[in-house]
>>> print(open('target_15.pdb').read())   # PDB, C-alpha atoms
MODEL        1
ATOM      1  CA  MET A   1       0.000   0.000   0.000
ATOM      2  CA  ASP A   2       1.134   3.502  -0.719
ATOM      3  CA  VAL A   3       1.066   5.096   2.697
ATOM      4  CA  MET A   4      -0.016   2.593   5.320
ATOM      5  CA  GLN A   5       0.595  -1.124   5.134
ATOM      6  CA  SER A   6      -2.226  -3.258   6.434
ATOM      7  CA  ARG A   7      -2.787  -6.908   7.106
ATOM      8  CA  ASN A   8      -6.288  -8.208   7.608
ATOM      9  CA  VAL A   9      -7.217 -11.158   9.782
ATOM     10  CA  HIS A  10     -10.789 -12.401   9.694
ATOM     11  CA  ILE A  11     -11.854 -13.862  13.021
ATOM     12  CA  PRO A  12     -15.287 -15.530  13.280
ATOM     13  CA  ARG A  13     -17.303 -13.828  15.976
ATOM     14  CA  ALA A  14     -18.063 -16.438  18.625
ATOM     15  CA  GLY A  15     -20.257 -14.706  21.163
ATOM     16  CA  SER A  16     -18.349 -13.348  24.113
ATOM     17  CA  GLU A  17     -15.019 -14.538  22.751
ATOM     18  CA  HIS A  18     -14.623 -12.021  19.943
ATOM     19  CA  LEU A  19     -12.305  -9.615  21.770
ATOM     20  CA  HIS A  20     -10.328 -12.501  23.242
ATOM     21  CA  SER A  21      -9.775 -13.871  19.737
ATOM     22  CA  ILE A  22      -7.650 -10.800  19.115
ATOM     23  CA  ARG A  23      -5.099 -12.078  21.569
ATOM     24  CA  ARG A  24      -4.995 -15.543  20.028
ATOM     25  CA  HIS A  25      -4.404 -14.079  16.572
ATOM     26  CA  GLN A  26      -2.081 -11.289  17.595
ATOM     27  CA  GLN A  27       1.007 -13.118  16.338
ATOM     28  CA  CYS A  28      -0.512 -13.100  12.861
ATOM     29  CA  LEU A  29      -0.518  -9.312  12.795
ATOM     30  CA  ALA A  30       2.238  -6.939  11.795
ATOM     31  CA  SER A  31       3.544  -4.753  14.596
ATOM     32  CA  GLY A  32       1.536  -1.621  15.139
ATOM     33  CA  SER A  33      -1.687  -0.266  16.553
ATOM     34  CA  LEU A  34      -4.898  -2.237  16.321
ATOM     35  CA  SER A  35      -8.268  -0.903  15.282
ATOM     36  CA  ILE A  36     -11.434  -2.952  15.548
ATOM     37  CA  PHE A  37     -14.030  -2.832  12.835
ATOM     38  CA  ARG A  38     -17.172  -4.718  11.955
ATOM     39  CA  THR A  39     -16.919  -6.023   8.414
ATOM     40  CA  THR A  40     -20.562  -6.980   8.222
ATOM     41  CA  GLY A  41     -22.576  -3.799   7.894
ATOM     42  CA  VAL A  42     -19.602  -1.426   7.754
ATOM     43  CA  SER A  43     -20.942   2.058   8.266
ATOM     44  CA  CYS A  44     -21.219   4.365   5.251
ATOM     45  CA  SER A  45     -19.121   6.970   7.036
ATOM     46  CA  LEU A  46     -16.329   4.427   7.499
ATOM     47  CA  ARG A  47     -16.341   3.377   3.854
ATOM     48  CA  HIS A  48     -16.440   7.009   2.750
ATOM     49  CA  SER A  49     -13.567   8.002   5.020
ATOM     50  CA  LEU A  50     -11.349   5.272   3.589
ATOM     51  CA  GLN A  51     -12.014   5.916  -0.093
ATOM     52  CA  GLY A  52      -8.945   6.871  -2.081
ATOM     53  CA  ARG A  53      -6.528   5.749   0.603
ATOM     54  CA  ARG A  54      -6.169   2.099  -0.386
ATOM     55  CA  LEU A  55      -7.340   1.123   3.057
ATOM     56  CA  LEU A  56     -10.792  -0.124   2.088
ATOM     57  CA  LEU A  57     -11.853  -2.966   4.357
ATOM     58  CA  SER A  58     -13.174  -6.070   2.663
ATOM     59  CA  GLU A  59     -16.800  -6.761   3.467
ATOM     60  CA  ASP A  60     -17.412 -10.500   3.458
ATOM     61  CA  THR A  61     -21.105 -10.958   4.091
ATOM     62  CA  SER A  62     -20.930 -14.761   3.984
ATOM     63  CA  PHE A  63     -20.268 -14.866   7.731
ATOM     64  CA  PRO A  64     -20.031 -12.256  10.521
ATOM     65  CA  THR A  65     -16.460 -11.333  11.378
ATOM     66  CA  LEU A  66     -14.299  -8.819  13.107
ATOM     67  CA  GLU A  67     -11.480  -7.355  11.125
ATOM     68  CA  ILE A  68      -8.288  -6.379  12.885
ATOM     69  CA  ARG A  69      -6.241  -3.825  11.002
ATOM     70  CA  SER A  70      -2.602  -3.470  11.929
ATOM     71  CA  CYS A  71      -1.012  -0.200  10.872
ATOM     72  CA  ALA A  72       2.730  -0.313  10.287
ATOM     73  CA  HIS A  73       3.305   3.083  11.880
ATOM     74  CA  GLY A  74       4.009   2.645  15.578
ATOM     75  CA  HIS A  75       1.760   1.667  18.417
ATOM     76  CA  ARG A  76      -0.855   4.416  18.482
ATOM     77  CA  PRO A  77      -4.100   5.015  16.657
ATOM     78  CA  PRO A  78      -3.870   6.999  13.387
ATOM     79  CA  SER A  79      -2.868  10.642  13.777
ATOM     80  CA  ALA A  80      -1.824  13.393  11.388
ATOM     81  CA  HIS A  81       1.748  12.996  12.605
ATOM     82  CA  ASN A  82       2.191   9.299  11.918
ATOM     83  CA  THR A  83       0.064   8.759   8.801
ATOM     84  CA  GLY A  84       1.054  11.589   6.506
ATOM     85  CA  PHE A  85      -2.633  12.426   6.031
ATOM     86  CA  PRO A  86      -3.923  15.979   6.558
ATOM     87  CA  ALA A  87      -5.338  16.558  10.027
ATOM     88  CA  THR A  88      -8.873  16.965   8.648
ATOM     89  CA  SER A  89      -8.683  13.572   6.922
ATOM     90  CA  VAL A  90      -7.380  11.912  10.056
ATOM     91  CA  ASN A  91     -10.183  13.455  12.124
ATOM     92  CA  LYS A  92     -12.750  12.049   9.697
ATOM     93  CA  PHE A  93     -11.067   8.659   9.893
ATOM     94  CA  LYS A  94     -11.110   8.746  13.696
ATOM     95  CA  CYS A  95     -14.772   9.706  13.754
ATOM     96  CA  ALA A  96     -15.569   6.807  11.413
ATOM     97  CA  VAL A  97     -13.669   4.359  13.606
ATOM     98  CA  ASP A  98     -15.401   5.697  16.725
ATOM     99  CA  ASP A  99     -18.783   5.317  15.040
ATOM    100  CA  ASP A 100     -18.065   1.693  14.214
ATOM    101  CA  GLN A 101     -16.844   0.906  17.733
ATOM    102  CA  ASN A 102     -20.046   2.436  19.081
ATOM    103  CA  LEU A 103     -22.094   0.180  16.816
ATOM    104  CA  LEU A 104     -20.221  -2.847  18.111
ATOM    105  CA  LEU A 105     -20.712  -1.684  21.704
ATOM    106  CA  LYS A 106     -24.464  -1.334  21.239
ATOM    107  CA  GLU A 107     -24.659  -4.731  19.581
ATOM    108  CA  ARG A 108     -22.864  -6.405  22.477
ATOM    109  CA  GLY A 109     -25.078  -4.566  24.973
ATOM    110  CA  ARG A 110     -28.201  -5.717  23.155
ATOM    111  CA  VAL A 111     -27.073  -9.352  23.376
ATOM    112  CA  ILE A 112     -25.944  -9.234  27.025
ATOM    113  CA  ALA A 113     -28.770  -7.151  28.541
ATOM    114  CA  PRO A 114     -31.416  -9.934  28.670
ATOM    115  CA  HIS A 115     -29.035 -12.218  30.584
ATOM    116  CA  LEU A 116     -28.566  -9.602  33.317
ATOM    117  CA  LYS A 117     -32.272  -9.901  34.161
ATOM    118  CA  GLY A 118     -32.352  -6.292  35.314
ATOM    119  CA  ARG A 119     -29.433  -6.533  37.724
ATOM    120  CA  CYS A 120     -27.510  -3.315  38.233
ATOM    121  CA  ILE A 121     -23.872  -2.809  37.295
ATOM    122  CA  TYR A 122     -21.674  -1.118  39.914
ATOM    123  CA  LEU A 123     -18.446   0.418  38.637
ATOM    124  CA  VAL A 124     -15.693   0.651  41.236
ATOM    125  CA  GLY A 125     -12.189   2.045  40.959
ATOM    126  CA  MET A 126      -9.866   4.849  41.917
ATOM    127  CA  MET A 127     -10.615   8.514  41.357
ATOM    128  CA  GLY A 128     -10.090   9.472  37.744
ATOM    129  CA  SER A 129     -10.521   5.930  36.440
ATOM    130  CA  GLY A 130     -13.328   6.977  34.082
ATOM    131  CA  LYS A 131     -16.251   5.386  35.911
ATOM    132  CA  THR A 132     -18.653   8.151  34.897
ATOM    133  CA  THR A 133     -17.643   8.321  31.226
ATOM    134  CA  VAL A 134     -17.484   4.562  30.756
ATOM    135  CA  GLY A 135     -20.591   4.026  32.858
ATOM    136  CA  LYS A 136     -22.684   6.209  30.583
ATOM    137  CA  LEU A 137     -21.521   4.228  27.547
ATOM    138  CA  ILE A 138     -22.322   0.900  29.175
ATOM    139  CA  ALA A 139     -25.731   2.155  30.301
ATOM    140  CA  ASP A 140     -26.572   3.309  26.796
ATOM    141  CA  ALA A 141     -25.474  -0.019  25.313
ATOM    142  CA  LEU A 142     -27.574  -2.028  27.773
ATOM    143  CA  GLY A 143     -30.591   0.275  27.640
ATOM    144  CA  TYR A 144     -30.043   1.050  31.344
ATOM    145  CA  GLN A 145     -30.146   4.301  33.284
ATOM    146  CA  PHE A 146     -26.895   5.809  34.534
ATOM    147  CA  THR A 147     -26.457   7.040  38.110
ATOM    148  CA  ASP A 148     -23.446   8.668  39.752
ATOM    149  CA  SER A 149     -23.581   7.949  43.503
ATOM    150  CA  ASP A 150     -21.487  11.044  44.273
ATOM    151  CA  LYS A 151     -23.958  13.187  42.355
ATOM    152  CA  VAL A 152     -26.849  11.702  44.350
ATOM    153  CA  ILE A 153     -25.045  12.600  47.592
ATOM    154  CA  GLU A 154     -24.436  16.140  46.329
ATOM    155  CA  ASP A 155     -28.092  16.570  45.364
ATOM    156  CA  ASP A 156     -29.355  15.148  48.649
ATOM    157  CA  ASN A 157     -27.130  17.395  50.781
ATOM    158  CA  GLY A 158     -26.771  20.509  48.643
ATOM    159  CA  LEU A 159     -22.982  20.239  48.880
ATOM    160  CA  SER A 160     -20.258  19.199  46.493
ATOM    161  CA  VAL A 161     -18.097  16.277  47.580
ATOM    162  CA  ALA A 162     -15.210  18.667  48.267
ATOM    163  CA  GLU A 163     -17.491  20.919  50.369
ATOM    164  CA  PHE A 164     -18.830  17.889  52.231
ATOM    165  CA  PHE A 165     -15.308  16.881  53.238
ATOM    166  CA  ARG A 166     -14.404  20.438  54.201
ATOM    167  CA  LEU A 167     -17.530  21.359  56.170
ATOM    168  CA  GLN A 168     -18.102  17.990  57.817
ATOM    169  CA  ASN A 169     -15.601  15.115  57.622
ATOM    170  CA  GLU A 170     -14.783  11.964  55.692
ATOM    171  CA  MET A 171     -16.682   9.718  58.104
ATOM    172  CA  SER A 172     -19.881  11.715  57.565
ATOM    173  CA  PHE A 173     -19.397  11.448  53.824
ATOM    174  CA  ARG A 174     -18.900   7.670  54.041
ATOM    175  CA  ASP A 175     -22.110   7.407  56.069
ATOM    176  CA  ALA A 176     -23.983   9.347  53.393
ATOM    177  CA  GLU A 177     -22.379   7.125  50.753
ATOM    178  CA  THR A 178     -23.677   3.977  52.437
ATOM    179  CA  ARG A 179     -27.197   5.424  52.772
ATOM    180  CA  VAL A 180     -27.283   6.265  49.070
ATOM    181  CA  LEU A 181     -25.938   2.864  48.102
ATOM    182  CA  GLU A 182     -28.588   1.114  50.211
ATOM    183  CA  LYS A 183     -31.270   3.135  48.427
ATOM    184  CA  LEU A 184     -29.837   2.435  44.965
ATOM    185  CA  SER A 185     -29.581  -1.307  45.660
ATOM    186  CA  HIS A 186     -33.386  -1.556  45.419
ATOM    187  CA  ASN A 187     -33.348  -0.351  41.812
ATOM    188  CA  LEU A 188     -33.102  -2.330  38.604
ATOM    189  CA  GLN A 189     -31.490  -1.680  35.213
ATOM    190  CA  GLN A 190     -28.976   0.919  36.328
ATOM    191  CA  VAL A 191     -25.268   1.379  35.804
ATOM    192  CA  ILE A 192     -23.965   3.018  38.966
ATOM    193  CA  SER A 193     -20.667   4.881  39.171
ATOM    194  CA  THR A 194     -19.468   4.696  42.774
ATOM    195  CA  GLY A 195     -17.033   6.798  44.771
ATOM    196  CA  GLY A 196     -13.458   5.588  44.866
ATOM    197  CA  GLY A 197     -13.556   4.722  48.579
ATOM    198  CA  ILE A 198     -16.916   2.976  48.635
ATOM    199  CA  VAL A 199     -15.264  -0.448  48.518
ATOM    200  CA  VAL A 200     -13.595  -0.086  51.931
ATOM    201  CA  ARG A 201     -16.741  -0.583  54.007
ATOM    202  CA  PRO A 202     -17.819  -4.266  54.106
ATOM    203  CA  GLU A 203     -21.439  -3.128  54.529
ATOM    204  CA  ASN A 204     -21.370  -1.535  51.092
ATOM    205  CA  TRP A 205     -20.526  -4.851  49.421
ATOM    206  CA  LYS A 206     -23.719  -6.303  50.874
ATOM    207  CA  TYR A 207     -25.671  -3.801  48.784
ATOM    208  CA  MET A 208     -23.537  -4.063  45.651
ATOM    209  CA  ARG A 209     -23.878  -7.861  45.635
ATOM    210  CA  TYR A 210     -27.468  -7.376  44.485
ATOM    211  CA  GLY A 211     -25.897  -6.539  41.135
ATOM    212  CA  LEU A 212     -22.546  -7.091  39.447
ATOM    213  CA  THR A 213     -19.409  -5.117  40.287
ATOM    214  CA  VAL A 214     -16.787  -4.155  37.718
ATOM    215  CA  TRP A 215     -13.381  -2.769  38.694
ATOM    216  CA  LEU A 216     -11.880  -0.269  36.254
ATOM    217  CA  ASP A 217      -8.199  -0.839  36.990
ATOM    218  CA  VAL A 218      -6.121   2.040  35.608
ATOM    219  CA  PRO A 219      -2.344   2.347  36.181
ATOM    220  CA  LEU A 220      -1.651   4.889  38.891
ATOM    221  CA  GLU A 221       0.718   6.860  36.644
ATOM    222  CA  ALA A 222      -2.119   7.381  34.171
ATOM    223  CA  LEU A 223      -4.478   8.368  36.991
ATOM    224  CA  ALA A 224      -2.011  10.953  38.264
ATOM    225  CA  GLU A 225      -1.772  12.477  34.790
ATOM    226  CA  ARG A 226      -5.556  12.632  34.496
ATOM    227  CA  VAL A 227      -6.325  14.211  37.871
ATOM    228  CA  VAL A 228      -3.553  16.788  37.507
ATOM    229  CA  ALA A 229      -4.731  17.672  33.993
ATOM    230  CA  VAL A 230      -8.254  18.513  35.200
ATOM    231  CA  GLY A 231      -7.138  19.964  38.541
ATOM    232  CA  THR A 232      -7.102  18.436  41.998
ATOM    233  CA  HIS A 233      -9.314  21.034  43.709
ATOM    234  CA  SER A 234     -12.315  18.651  43.545
ATOM    235  CA  ARG A 235     -10.311  15.736  44.959
ATOM    236  CA  PRO A 236     -10.315  16.234  48.750
ATOM    237  CA  LEU A 237      -8.258  13.095  49.409
ATOM    238  CA  LEU A 238      -5.438  14.573  47.324
ATOM    239  CA  GLY A 239      -5.237  17.579  49.613
ATOM    240  CA  GLY A 240      -6.755  20.213  47.350
ATOM    241  CA  GLU A 241      -4.978  22.087  44.550
ATOM    242  CA  LEU A 242      -1.304  21.162  44.230
ATOM    243  CA  ASP A 243       1.628  23.322  43.219
ATOM    244  CA  SER A 244       1.966  22.996  39.438
ATOM    245  CA  GLU A 245       5.657  22.123  39.491
ATOM    246  CA  SER A 246       5.215  19.147  41.788
ATOM    247  CA  ALA A 247       1.556  18.319  41.153
ATOM    248  CA  TYR A 248       2.188  15.057  39.310
ATOM    249  CA  SER A 249       4.689  13.581  41.777
ATOM    250  CA  LYS A 250       2.578  14.579  44.793
ATOM    251  CA  ALA A 251      -0.606  13.258  43.218
ATOM    252  CA  LEU A 252       1.100   9.977  42.294
ATOM    253  CA  ALA A 253       2.500   9.519  45.804
ATOM    254  CA  ARG A 254      -0.922  10.131  47.328
ATOM    255  CA  LEU A 255      -2.632   7.791  44.868
ATOM    256  CA  ILE A 256      -0.133   5.047  45.671
ATOM    257  CA  SER A 257      -0.865   5.469  49.372
ATOM    258  CA  ILE A 258      -4.628   5.318  48.835
ATOM    259  CA  PHE A 259      -4.410   2.364  46.469
ATOM    260  CA  GLU A 260      -2.381   0.295  48.933
ATOM    261  CA  VAL A 261      -5.319   0.481  51.341
ATOM    262  CA  ARG A 262      -7.983  -0.231  48.743
ATOM    263  CA  GLU A 263      -6.413  -2.728  46.335
ATOM    264  CA  SER A 264      -7.611  -5.859  48.159
ATOM    265  CA  CYS A 265     -11.108  -4.339  48.320
ATOM    266  CA  TYR A 266     -11.229  -3.592  44.586
ATOM    267  CA  ALA A 267     -10.131  -7.177  43.957
ATOM    268  CA  LYS A 268     -13.449  -8.379  45.412
ATOM    269  CA  ALA A 269     -15.254  -7.124  42.300
ATOM    270  CA  ASP A 270     -16.977  -9.699  40.106
ATOM    271  CA  ALA A 271     -15.075  -8.484  37.058
ATOM    272  CA  ARG A 272     -11.938  -6.472  36.368
ATOM    273  CA  VAL A 273     -10.959  -4.389  33.362
ATOM    274  CA  SER A 274      -7.206  -3.866  33.417
ATOM    275  CA  LEU A 275      -6.246  -0.986  31.140
ATOM    276  CA  LYS A 276      -2.599  -2.034  31.297
ATOM    277  CA  LYS A 277      -3.412  -5.510  30.000
ATOM    278  CA  LEU A 278      -5.847  -4.160  27.429
ATOM    279  CA  ALA A 279      -3.224  -1.740  26.122
ATOM    280  CA  ILE A 280      -0.668  -4.557  25.793
ATOM    281  CA  ASP A 281      -3.147  -6.810  24.014
ATOM    282  CA  LEU A 282      -4.115  -4.113  21.507
ATOM    283  CA  GLY A 283      -0.668  -2.582  21.065
ATOM    284  CA  TYR A 284      -1.744   0.818  22.396
ATOM    285  CA  GLU A 285      -0.427   3.158  25.031
ATOM    286  CA  VAL A 286      -2.781   3.312  28.027
ATOM    287  CA  ARG A 287      -3.582   6.951  27.246
ATOM    288  CA  ASP A 288      -4.832   5.906  23.802
ATOM    289  CA  ILE A 289      -7.418   3.411  25.037
ATOM    290  CA  THR A 290     -10.786   5.000  24.308
ATOM    291  CA  PRO A 291     -13.736   4.921  26.728
ATOM    292  CA  THR A 292     -15.624   2.907  24.095
ATOM    293  CA  LEU A 293     -12.975   0.178  24.082
ATOM    294  CA  ILE A 294     -13.010   0.118  27.887
ATOM    295  CA  ALA A 295     -16.799  -0.202  27.842
ATOM    296  CA  LEU A 296     -16.536  -3.012  25.297
ATOM    297  CA  GLN A 297     -14.067  -4.873  27.462
ATOM    298  CA  ALA A 298     -16.287  -4.313  30.505
ATOM    299  CA  LEU A 299     -19.191  -5.938  28.674
ATOM    300  CA  GLU A 300     -16.972  -8.887  27.778
ATOM    301  CA  GLU A 301     -15.991  -9.320  31.415
ATOM    302  CA  ILE A 302     -19.639  -9.051  32.471
ATOM    303  CA  ASP A 303     -20.577 -11.677  29.910
ATOM    304  CA  ARG A 304     -17.860 -13.975  31.263
ATOM    305  CA  VAL A 305     -19.231 -13.588  34.806
ATOM    306  CA  LEU A 306     -22.781 -14.315  33.645
ATOM    307  CA  THR A 307     -21.626 -17.419  31.768
ATOM    308  CA  LYS A 308     -19.786 -18.682  34.832
ATOM    309  CA  GLN A 309     -22.745 -18.030  37.131
ATOM    310  CA  ASN A 310     -25.125 -19.768  34.744
ATOM    311  CA  LYS A 311     -22.856 -22.804  34.604
ATOM    312  CA  GLU A 312     -22.611 -22.973  38.393
ATOM    313  CA  GLN A 313     -26.393 -22.770  38.729
ATOM    314  CA  LYS A 314     -26.856 -25.686  36.334
ATOM    315  CA  GLU A 315     -24.375 -27.785  38.282
ATOM    316  CA  GLU A 316     -26.179 -27.238  41.595
TER     317      GLU A 316
ENDMDL
END
>>> encode(input="target_15.pdb", output="structure tokens")
Amino acid sequence: MDVMQSRNVHIPRAGSEHLHSIRRHQQCLASGSLSIFRTTGVSCSLRHSLQGRRLLLSEDTSFPTLEIRSCAHGHRPPSAHNTGFPATSVNKFKCAVDDDQNLLLKERGRVIAPHLKGRCIYLVGMMGSGKTTVGKLIADALGYQFTDSDKVIEDDNGLSVAEFFRLQNEMSFRDAETRVLEKLSHNLQQVISTGGGIVVRPENWKYMRYGLTVWLDVPLEALAERVVAVGTHSRPLLGGELDSESAYSKALARLISIFEVRESCYAKADARVSLKKLAIDLGYEVRDITPTLIALQALEEIDRVLTKQNKEQKEE
């Protein structure tokens, strides 16, 4: 190919195993970043964005497949810098890829939702792990409502989380957190983003066990970058706004300290999405993993849990 070399591997979609097939076929791929497309029913925007670039994906309608495209230009998704394409063309390409990933996400949600039988999904993880962003995507895919437990606390008390910590104390906040969680546990068909410290209280697990828990496990270095980028003023456990010159190192040190206390609690979750492992499997940097891909992987982990539970029930 003229600009970007590609190798295509057709992998039959076998239910919940389609993302895991990527790993089994990874050795067949040239080195480089991986992009996931549906070949059956490729969106018009995707086909249009690829015209004239000799990157047209084959569309074999004889059987449903996933197509894994390996770009021979490093380990990141296409950008104006590494493709030679104008920035506007690359933006159109990215939008087309995002559209197709969203279609795949909604398809997986449609298949998995009936097996949940209305059970809620509780997302747990450290501050800045993307629980709200990813939670909204999962909720949309499943046809569920999305709820942020911190937002419920803020609405109930007329205080932001930071104000709650400042005007009262952490113990009072944790009490409010448990009350909200108990109330939410009576609901059905919700994806609930929880506060980072909600896992520490054993009582809270009693309520979350009514649904399924998913741990969004993000490397602490990536978390430190995220929270510093948006500002730490809303993160009371980080000590408020940090001096810009040392913000990253201080935030990382504090996150490490917090994580050491919580790690064993997060590990109690029914499912875990490790961004580090996902990045290795797909050939990305952690910062390049999109919320849609994280949501997709979360659905795969949820599907695995449901399959295991169903098998155990049949054996009883």
>>> resolve_selection(input="target_15.pdb", expression="the PyMOL selection byres ((chain A and resi 131-145) around 6)", output="ChimeraX atom specification")
/A:106,109-110,113,129-130,146,189-191,193,291,295
>>> closest_residue(input="target_15.pdb", among="A:Gln168, A:Asn102, A:Thr178, A:Asn187", to="A:Gly211", atoms="all atoms listed in the file")
A:Asn187
>>> closest_residue(input="target_15.pdb", among="A:Asp303, A:Met126, A:Leu296, A:Glu315", to="A:Leu104", atoms="all atoms listed in the file")
A:Leu296
>>> resolve_selection(input="target_15.pdb", expression="the PyMOL selection byres ((chain A and resi 150) around 10)", output="number ranges by chain")
A: 147-149, 151-156, 160-161, 173, 176-177, 180, 192-196
>>> atom_distance(input="target_15.pdb", atom1="atom CA of A:His186", atom2="atom CA of A:Asn157")
20.7 Å
>>> resolve_selection(input="target_15.pdb", expression="the PyMOL selection byres ((chain A and resi 199) around 9)", output="PyMOL selection string")
chain A and resi 124-125+194-198+200-202+204-205+262+265-266+268
>>> atom_distance(input="target_15.pdb", atom1="atom CA of A:Val230", atom2="atom CA of A:Arg287")
14.8 Å
>>> closest_residue(input="target_15.pdb", among="A:Leu275, A:Ala269, A:Ile280, A:Met171", to="A:Gln297", atoms="all atoms listed in the file")
A:Leu275
>>> atom_distance(input="target_15.pdb", atom1="atom CA of A:Leu188", atom2="atom CA of A:Cys120")
5.7 Å
>>> residues_near_point(input="target_15.pdb", point="(-21.3, -17.2, 34.1)", cutoff="12 Å", atoms="only C-alpha atoms", output="CSV table (one decimal) with C-alpha atoms, in the frame of the given file")
chain,number,residue,atom,x,y,z
A,16,SER,CA,-18.3,-13.3,24.1
A,112,ILE,CA,-25.9,-9.2,27.0
A,115,HIS,CA,-29.0,-12.2,30.6
A,116,LEU,CA,-28.6,-9.6,33.3
A,212,LEU,CA,-22.5,-7.1,39.4
A,270,ASP,CA,-17.0,-9.7,40.1
A,271,ALA,CA,-15.1,-8.5,37.1
A,300,GLU,CA,-17.0,-8.9,27.8
A,301,GLU,CA,-16.0,-9.3,31.4
A,302,ILE,CA,-19.6,-9.1,32.5
A,303,ASP,CA,-20.6,-11.7,29.9
A,304,ARG,CA,-17.9,-14.0,31.3
A,305,VAL,CA,-19.2,-13.6,34.8
A,306,LEU,CA,-22.8,-14.3,33.6
A,307,THR,CA,-21.6,-17.4,31.8
A,308,LYS,CA,-19.8,-18.7,34.8
A,309,GLN,CA,-22.7,-18.0,37.1
A,310,ASN,CA,-25.1,-19.8,34.7
A,311,LYS,CA,-22.9,-22.8,34.6
A,312,GLU,CA,-22.6,-23.0,38.4
A,313,GLN,CA,-26.4,-22.8,38.7
A,314,LYS,CA,-26.9,-25.7,36.3
A,315,GLU,CA,-24.4,-27.8,38.3
>>> residues_around(input="target_15.pdb", residues="A:Ile256", least_positions_apart="6", cutoff="12 Å", atoms="all atoms listed in the file", output="PyMOL selection string")
chain A and resi 126-127+219-224+238+249-250+262-263
>>> closest_residue(input="target_15.pdb", among="A:Ala253, A:Val273, A:Ala298, A:Leu159", to="A:Asp217", atoms="all atoms listed in the file")
A:Val273
